[in-house]
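These notes are about the structure you will find just below.
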Amino acid sequence: MRTLVLDNGSFAIKCGYTEDETSAHTIPNSVMRTKRTKRMYVGDLIDSSTDLSGLYYRSPFERGYLVHWDVQLAVWDRVFSNDVLGCTPSETDLLLTEPMFNLHQIQRNMDEIVFEEYRFASLFRAPATRLVEAGARDLIYDAEGSDPECVLVVDTGHAFTHVVPYHMGRQIASGVRRVDVGGRLLTNYLKETVSFRYWDMMDETFIMSAVKEKCCFVSQDFKRDIEATRGCVGRRRGRNPLGLEYVLPDFSTSRQGFIQGSQPDDHVTDSQLLPLCNERFAIPEALFHPSDIGIEQAGIHQAVVQAVAACPAEMHAVLLANIVVVGGSACLPGLRQRLQSEVQAQVSHRVRVFAPQDPMRWAWQNGCALATQSRARSWQVSKAEYEEMGAHRTIAHFGSIA
C-alpha cells in the first residue's frame, strides 16, 4: 500500500508519494484559458502553452475555501493520472490538507469524493499548519538542540496569512489569528500599481506573479528605503541600487520574462521593459500594514503578538522563541528577519523566527515524514470505517486531532 501526500493549496498543489520524495510535483490548482486561442489547460498542462498572455484563471477556491468542485475534480483527475502520479486510489492511503476552520459541509463533500468518487483506501485530513508543526519541532531542534513544547506557525498562504499556536502538538484554537493578506492580494496589488504607473498589466496575472517572485523583497527599514528611492524615475532608475528593469516575455525566447542583465538581452526593446523601484518593497509591506490598502486589520507581526497573548502566560516565552514562517510569501527575501525584528520590538521576551529552506513545500515534506510514523496510522480513517461511521463521525475524528 502506497501513501500519497497531497497539500491542496489554493494556488498550487504539492503532491507525491512518501517512499519517493523525488516524485514530488508542484502543480497549479486551477483551470486556465488563453486569451487568444480560448484553449483550456488543466493544472500543469499550461506548461505546454506558448501563449501565456492574458490568461484567464478559474480556481476551485473562493476566499480560501474549496467551493468549485468541478474545477477541483478536473485538477485532481490530472494529478492522479498516469501522466503525473499514476495513482491507483484503491491501493493508496491519502494524506490531504484542508483550510483552517474548514466548513463542515466542505469537509463532508471532501470525504465523500475521496471515498466514494475516487475510492481511496484510507484518508487522513488535516490543516497544513498541523503538518508544519510536526516538522517545525525538528527544524527548531536542529537549530538549538532542544525539543520545544510550543510552536507558533505563521502560514503565509495564497488567500490568507494564518498565525496558529501549538502546544505539544495540539492547536490552541483561542490563539489562532487570520490576516486577509496573502500571495494573491500581493500579486493583484502589484498589477494595479504597475498598471497605473507604467504598462497595463491587469490581465497578466501569470507574468506579474513571476515578477513578484523574482523582484520583490521585504524592506528592513521602509522609511529609509522610500527615501533612498525618491526620484527613482526615468534613466536615473539604473543608478539607484534598488531600481531595476524587468524584461517582459515575448513568448518565443522567454515565457515568464527576466530581470535585465541576468540573461542575454541584446534584442530587448523599450516596449518590453517594465521599470520597478519602490514597488519592489512597497507591495510586500501590505503584510505588515494592511490598512495602507484599505484592510483594517492587524499586520502579521501584530497578529503574532495577539495570538501569543491569547495563550496561557506560561507559554508566551516559548511560543515567541519558536516561531516558524512558511508559505509562498515566506520566500520573499527579508521576511523572516523583518518579522522577527517587528515582533521583538513589541515584547520583552526573546523572539526567534525560523524559516525552512523551501517554505512552499515544507508542509508537504513534513506530511511525508508524519505519514510514515506509527501514530499517523491511528489518525487515518479507512474506507470501511467511513462506510460504517458516516461523514459526521469522520468530521469529529479529524477535528479531534487538528
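Just so we're on the same page: first chain in the C-alpha cells is A, next is B, and so on; residues restart at 1 for each chain, and ligands are numbered from 1 in the order they show up.
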- Could you pull out the residues in region 32-79 of chain A that DSSP calls strand (DSSP E or B) from the backbone, as a PyMOL selection string? chain A and resi 32-33+40-42+56-58+61-62+65-66
Using the selection just defined, write its residues with N, CA and C atoms as a PDB file, in the first residue's frame.
ATOM      1  N   MET A  32      -7.013  26.994 -16.668  1.00  0.00           N
ATOM      2  CA  MET A  32      -6.663  28.245 -17.322  1.00  0.00           C
ATOM      3  C   MET A  32      -7.112  28.247 -18.776  1.00  0.00           C
ATOM      4  N   ARG A  33      -7.457  29.423 -19.271  1.00  0.00           N
ATOM      5  CA  ARG A  33      -7.854  29.589 -20.668  1.00  0.00           C
ATOM      6  C   ARG A  33      -7.062  30.739 -21.267  1.00  0.00           C
ATOM      7  N   MET A  40      -8.334  25.572 -23.282  1.00  0.00           N
ATOM      8  CA  MET A  40      -8.338  25.313 -21.847  1.00  0.00           C
ATOM      9  C   MET A  40      -7.153  24.436 -21.458  1.00  0.00           C
ATOM     10  N   TYR A  41      -6.564  24.743 -20.313  1.00  0.00           N
ATOM     11  CA  TYR A  41      -5.464  23.957 -19.769  1.00  0.00           C
ATOM     12  C   TYR A  41      -5.765  23.641 -18.309  1.00  0.00           C
ATOM     13  N   VAL A  42      -5.541  22.386 -17.927  1.00  0.00           N
ATOM     14  CA  VAL A  42      -5.787  21.946 -16.556  1.00  0.00           C
ATOM     15  C   VAL A  42      -4.452  21.732 -15.856  1.00  0.00           C
ATOM     16  N   TYR A  56      -6.805  33.530 -18.397  1.00  0.00           N
ATOM     17  CA  TYR A  56      -7.965  33.586 -17.508  1.00  0.00           C
ATOM     18  C   TYR A  56      -7.895  32.387 -16.576  1.00  0.00           C
ATOM     19  N   TYR A  57      -7.918  32.637 -15.270  1.00  0.00           N
ATOM     20  CA  TYR A  57      -7.809  31.581 -14.266  1.00  0.00           C
ATOM     21  C   TYR A  57      -9.180  31.269 -13.682  1.00  0.00           C
ATOM     22  N   ARG A  58      -9.445  29.978 -13.485  1.00  0.00           N
ATOM     23  CA  ARG A  58     -10.597  29.574 -12.683  1.00  0.00           C
ATOM     24  C   ARG A  58     -10.086  28.644 -11.597  1.00  0.00           C
ATOM     25  N   PHE A  61     -11.107  27.486  -5.464  1.00  0.00           N
ATOM     26  CA  PHE A  61     -11.262  28.159  -4.173  1.00  0.00           C
ATOM     27  C   PHE A  61     -11.856  29.556  -4.333  1.00  0.00           C
ATOM     28  N   GLU A  62     -12.678  29.928  -3.362  1.00  0.00           N
ATOM     29  CA  GLU A  62     -13.172  31.293  -3.212  1.00  0.00           C
ATOM     30  C   GLU A  62     -12.886  31.726  -1.775  1.00  0.00           C
ATOM     31  N   TYR A  65     -11.569  28.946   0.478  1.00  0.00           N
ATOM     32  CA  TYR A  65     -12.327  27.726   0.757  1.00  0.00           C
ATOM     33  C   TYR A  65     -12.747  27.056  -0.547  1.00  0.00           C
ATOM     34  N   LEU A  66     -12.723  25.727  -0.534  1.00  0.00           N
ATOM     35  CA  LEU A  66     -12.976  24.943  -1.738  1.00  0.00           C
ATOM     36  C   LEU A  66     -14.481  24.899  -2.019  1.00  0.00           C
TER      37      LEU A  66
END
- Message: Applying 12 Å and only C-alpha atoms, which residues near region 373-376 of chain A remain after dropping the ones on its own chain fewer than 3 positions away? List them as a list in words.
- Response: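 Surrounding residues, per the criterion: Thr3, Thr18, Asp93, Leu94, Leu95, Ser122, Leu123, Phe124, Arg125, Ala126, Leu131, Ala134, Asn366, Gly367, Cys368, Ala369, Leu370, Trp379, Gln380, Val381, Phe398 and Ile401 of chain A.
In this comparison, which uses only C-alpha atoms, the residue of A:Ser23, A:Ile226, A:Glu204, A:Thr129 approaching Pro249 (chain A) most closely is A:Glu204.
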- Note on the structure: re CA of Asn82 (chain A) and CA of Asp7 (chain A): distance 19.1 Å
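Taking CA of Ile172 (chain A) and CA of Leu152 (chain A) as the two end points, the separation is 9.9 Å.
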- Item | Spatial neighbours of Cys311 (chain A), max dist 12 Å, only C-alpha atoms, sep filter under 6 positions, as a VMD selection string | chain A and resid 150 to 152 164 to 167 171 to 177 304 to 305 317 to 320
- Query: For Ser400 (chain A), which residue among A:His349, A:Leu274, A:Ser59, A:Arg170 is the nearest when counting only C-alpha atoms?
  - Reply: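 Of all the options, A:Arg170 lies closest to Ser400 (chain A).
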- Item | Selection near Met202 (chain A), 12 Å with only C-alpha atoms, sequence-local residues under 4 positions removed, as a list in words | Ser53, Gly54, Leu55, Tyr56, Thr187, Asn188, Tyr189, Leu190, Lys191, Glu192, Thr193, Val194, Ser195, Phe196, Tyr198, Phe206, Ile207, Met208 and Ser209 of chain A
- Query: Can you list, as a PyMOL selection string, every protein, DNA or RNA residue that comes within 10 Å of Phe101 (chain A) when you count only C-alpha atoms, leaving out same-chain residues fewer than 2 positions away?
  - Reply: chain A and resi 65+98-99+103-104+127+173+176+399+402
Suppose we keep C-alpha atoms; can you now write the selection as a JSON list (two decimals), in the first residue's frame?
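Output contents, as saved in part36.json:
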[["chain", "number", "residue", "atom", "x", "y", "z"],
["A", 65, "TYR", "CA", -12.33, 27.73, 0.76],
["A", 98, "GLU", "CA", -7.57, 21.44, 4.15],
["A", 99, "PRO", "CA", -8.03, 25.12, 5.13],
["A", 103, "LEU", "CA", -16.70, 24.34, 6.98],
["A", 104, "HIS", "CA", -18.38, 21.02, 7.82],
["A", 127, "PRO", "CA", -4.76, 21.68, 8.08],
["A", 173, "ALA", "CA", -7.83, 27.41, 19.00],
["A", 176, "VAL", "CA", -5.49, 31.41, 16.11],
["A", 399, "GLY", "CA", -11.36, 17.58, 14.24],
["A", 402, "ALA", "CA", -6.20, 19.02, 14.32]]
- Atom-to-atom span, CA of Trp69 (chain A) and CA of Val31 (chain A), Å: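 It comes out at 11.9 Å.
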- Query: Looking only at the backbone, which of the residues in region 296-351 of chain A does DSSP tag as alpha helix (DSSP H), as an NGL selection string?
  - Reply: :A and (300-309 or 316-321 or 335-344)
Give me a file of those residues, with N, CA and C atoms, as a PDB file, in the first residue's frame.
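Final output, selection_9.pdb:
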ATOM      1  N   ILE A 300       0.896  41.121  10.159  1.00  0.00           N
ATOM      2  CA  ILE A 300       1.232  39.767  10.613  1.00  0.00           C
ATOM      3  C   ILE A 300       2.045  39.803  11.903  1.00  0.00           C
ATOM      4  N   HIS A 301       2.865  40.830  12.103  1.00  0.00           N
ATOM      5  CA  HIS A 301       3.632  40.918  13.348  1.00  0.00           C
ATOM      6  C   HIS A 301       2.712  41.183  14.533  1.00  0.00           C
ATOM      7  N   GLN A 302       1.705  42.015  14.325  1.00  0.00           N
ATOM      8  CA  GLN A 302       0.736  42.282  15.394  1.00  0.00           C
ATOM      9  C   GLN A 302      -0.140  41.061  15.657  1.00  0.00           C
ATOM     10  N   ALA A 303      -0.462  40.319  14.591  1.00  0.00           N
ATOM     11  CA  ALA A 303      -1.250  39.096  14.756  1.00  0.00           C
ATOM     12  C   ALA A 303      -0.487  38.066  15.577  1.00  0.00           C
ATOM     13  N   VAL A 304       0.835  38.015  15.407  1.00  0.00           N
ATOM     14  CA  VAL A 304       1.659  37.108  16.210  1.00  0.00           C
ATOM     15  C   VAL A 304       1.565  37.476  17.687  1.00  0.00           C
ATOM     16  N   VAL A 305       1.697  38.751  17.991  1.00  0.00           N
ATOM     17  CA  VAL A 305       1.626  39.204  19.388  1.00  0.00           C
ATOM     18  C   VAL A 305       0.244  38.928  19.967  1.00  0.00           C
ATOM     19  N   GLN A 306      -0.809  39.155  19.193  1.00  0.00           N
ATOM     20  CA  GLN A 306      -2.169  38.885  19.654  1.00  0.00           C
ATOM     21  C   GLN A 306      -2.382  37.392  19.904  1.00  0.00           C
ATOM     22  N   ALA A 307      -1.851  36.555  19.011  1.00  0.00           N
ATOM     23  CA  ALA A 307      -2.004  35.108  19.162  1.00  0.00           C
ATOM     24  C   ALA A 307      -1.328  34.620  20.440  1.00  0.00           C
ATOM     25  N   VAL A 308      -0.131  35.116  20.701  1.00  0.00           N
ATOM     26  CA  VAL A 308       0.596  34.719  21.911  1.00  0.00           C
ATOM     27  C   VAL A 308      -0.138  35.211  23.154  1.00  0.00           C
ATOM     28  N   ALA A 309      -0.646  36.431  23.116  1.00  0.00           N
ATOM     29  CA  ALA A 309      -1.345  36.999  24.276  1.00  0.00           C
ATOM     30  C   ALA A 309      -2.602  36.217  24.624  1.00  0.00           C
ATOM     31  N   HIS A 316       4.041  31.990  26.815  1.00  0.00           N
ATOM     32  CA  HIS A 316       4.412  33.141  25.995  1.00  0.00           C
ATOM     33  C   HIS A 316       5.871  33.102  25.557  1.00  0.00           C
ATOM     34  N   ALA A 317       6.775  32.896  26.494  1.00  0.00           N
ATOM     35  CA  ALA A 317       8.204  32.937  26.171  1.00  0.00           C
ATOM     36  C   ALA A 317       8.578  31.839  25.185  1.00  0.00           C
ATOM     37  N   VAL A 318       8.005  30.647  25.369  1.00  0.00           N
ATOM     38  CA  VAL A 318       8.346  29.521  24.490  1.00  0.00           C
ATOM     39  C   VAL A 318       7.785  29.733  23.094  1.00  0.00           C
ATOM     40  N   LEU A 319       6.556  30.219  23.006  1.00  0.00           N
ATOM     41  CA  LEU A 319       5.956  30.478  21.695  1.00  0.00           C
ATOM     42  C   LEU A 319       6.749  31.526  20.923  1.00  0.00           C
ATOM     43  N   LEU A 320       7.129  32.603  21.588  1.00  0.00           N
ATOM     44  CA  LEU A 320       7.865  33.672  20.918  1.00  0.00           C
ATOM     45  C   LEU A 320       9.254  33.227  20.476  1.00  0.00           C
ATOM     46  N   ALA A 321       9.803  32.249  21.162  1.00  0.00           N
ATOM     47  CA  ALA A 321      11.137  31.753  20.810  1.00  0.00           C
ATOM     48  C   ALA A 321      11.100  30.690  19.725  1.00  0.00           C
ATOM     49  N   LEU A 335      11.722  38.532   4.700  1.00  0.00           N
ATOM     50  CA  LEU A 335      10.501  38.414   5.500  1.00  0.00           C
ATOM     51  C   LEU A 335      10.791  37.887   6.900  1.00  0.00           C
ATOM     52  N   ARG A 336      11.613  36.846   7.005  1.00  0.00           N
ATOM     53  CA  ARG A 336      11.898  36.257   8.312  1.00  0.00           C
ATOM     54  C   ARG A 336      12.545  37.290   9.238  1.00  0.00           C
ATOM     55  N   GLN A 337      13.530  38.002   8.734  1.00  0.00           N
ATOM     56  CA  GLN A 337      14.240  38.979   9.556  1.00  0.00           C
ATOM     57  C   GLN A 337      13.325  40.131   9.980  1.00  0.00           C
ATOM     58  N   ARG A 338      12.494  40.597   9.052  1.00  0.00           N
ATOM     59  CA  ARG A 338      11.591  41.714   9.372  1.00  0.00           C
ATOM     60  C   ARG A 338      10.555  41.285  10.401  1.00  0.00           C
ATOM     61  N   LEU A 339      10.000  40.095  10.237  1.00  0.00           N
ATOM     62  CA  LEU A 339       9.008  39.611  11.195  1.00  0.00           C
ATOM     63  C   LEU A 339       9.621  39.501  12.583  1.00  0.00           C
ATOM     64  N   GLN A 340      10.844  38.993  12.657  1.00  0.00           N
ATOM     65  CA  GLN A 340      11.499  38.847  13.957  1.00  0.00           C
ATOM     66  C   GLN A 340      11.735  40.209  14.606  1.00  0.00           C
ATOM     67  N   SER A 341      12.212  41.163  13.848  1.00  0.00           N
ATOM     68  CA  SER A 341      12.502  42.481  14.432  1.00  0.00           C
ATOM     69  C   SER A 341      11.227  43.213  14.834  1.00  0.00           C
ATOM     70  N   GLU A 342      10.157  43.080  14.045  1.00  0.00           N
ATOM     71  CA  GLU A 342       8.899  43.766  14.363  1.00  0.00           C
ATOM     72  C   GLU A 342       8.253  43.178  15.619  1.00  0.00           C
ATOM     73  N   VAL A 343       8.285  41.853  15.754  1.00  0.00           N
ATOM     74  CA  VAL A 343       7.712  41.226  16.944  1.00  0.00           C
ATOM     75  C   VAL A 343       8.562  41.548  18.166  1.00  0.00           C
ATOM     76  N   GLN A 344       9.882  41.494  18.006  1.00  0.00           N
ATOM     77  CA  GLN A 344      10.776  41.775  19.135  1.00  0.00           C
ATOM     78  C   GLN A 344      10.560  43.184  19.684  1.00  0.00           C
TER      79      GLN A 344
END
- region 250-258 of chain A: which residues within 6 Å, counting only C-alpha atoms, same-chain residues fewer than 3 positions away excluded, as number ranges by chain? A: 50, 207, 246-247
- Do you know which residues are at most 6 Å from Cys277 (chain A) counting only C-alpha atoms, after dropping those on the same chain fewer than 3 positions away, and could you put them as a ChimeraX atom specification? /A:242-243,280
- Item | Option closest in space to Leu85 (chain A), from A:Asp221, A:Glu21, A:Asp200, A:Glu149 [counting only C-alpha atoms] |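 Ranking A:Asp221, A:Glu21, A:Asp200, A:Glu149 by distance to Leu85 (chain A), first place goes to A:Glu21.
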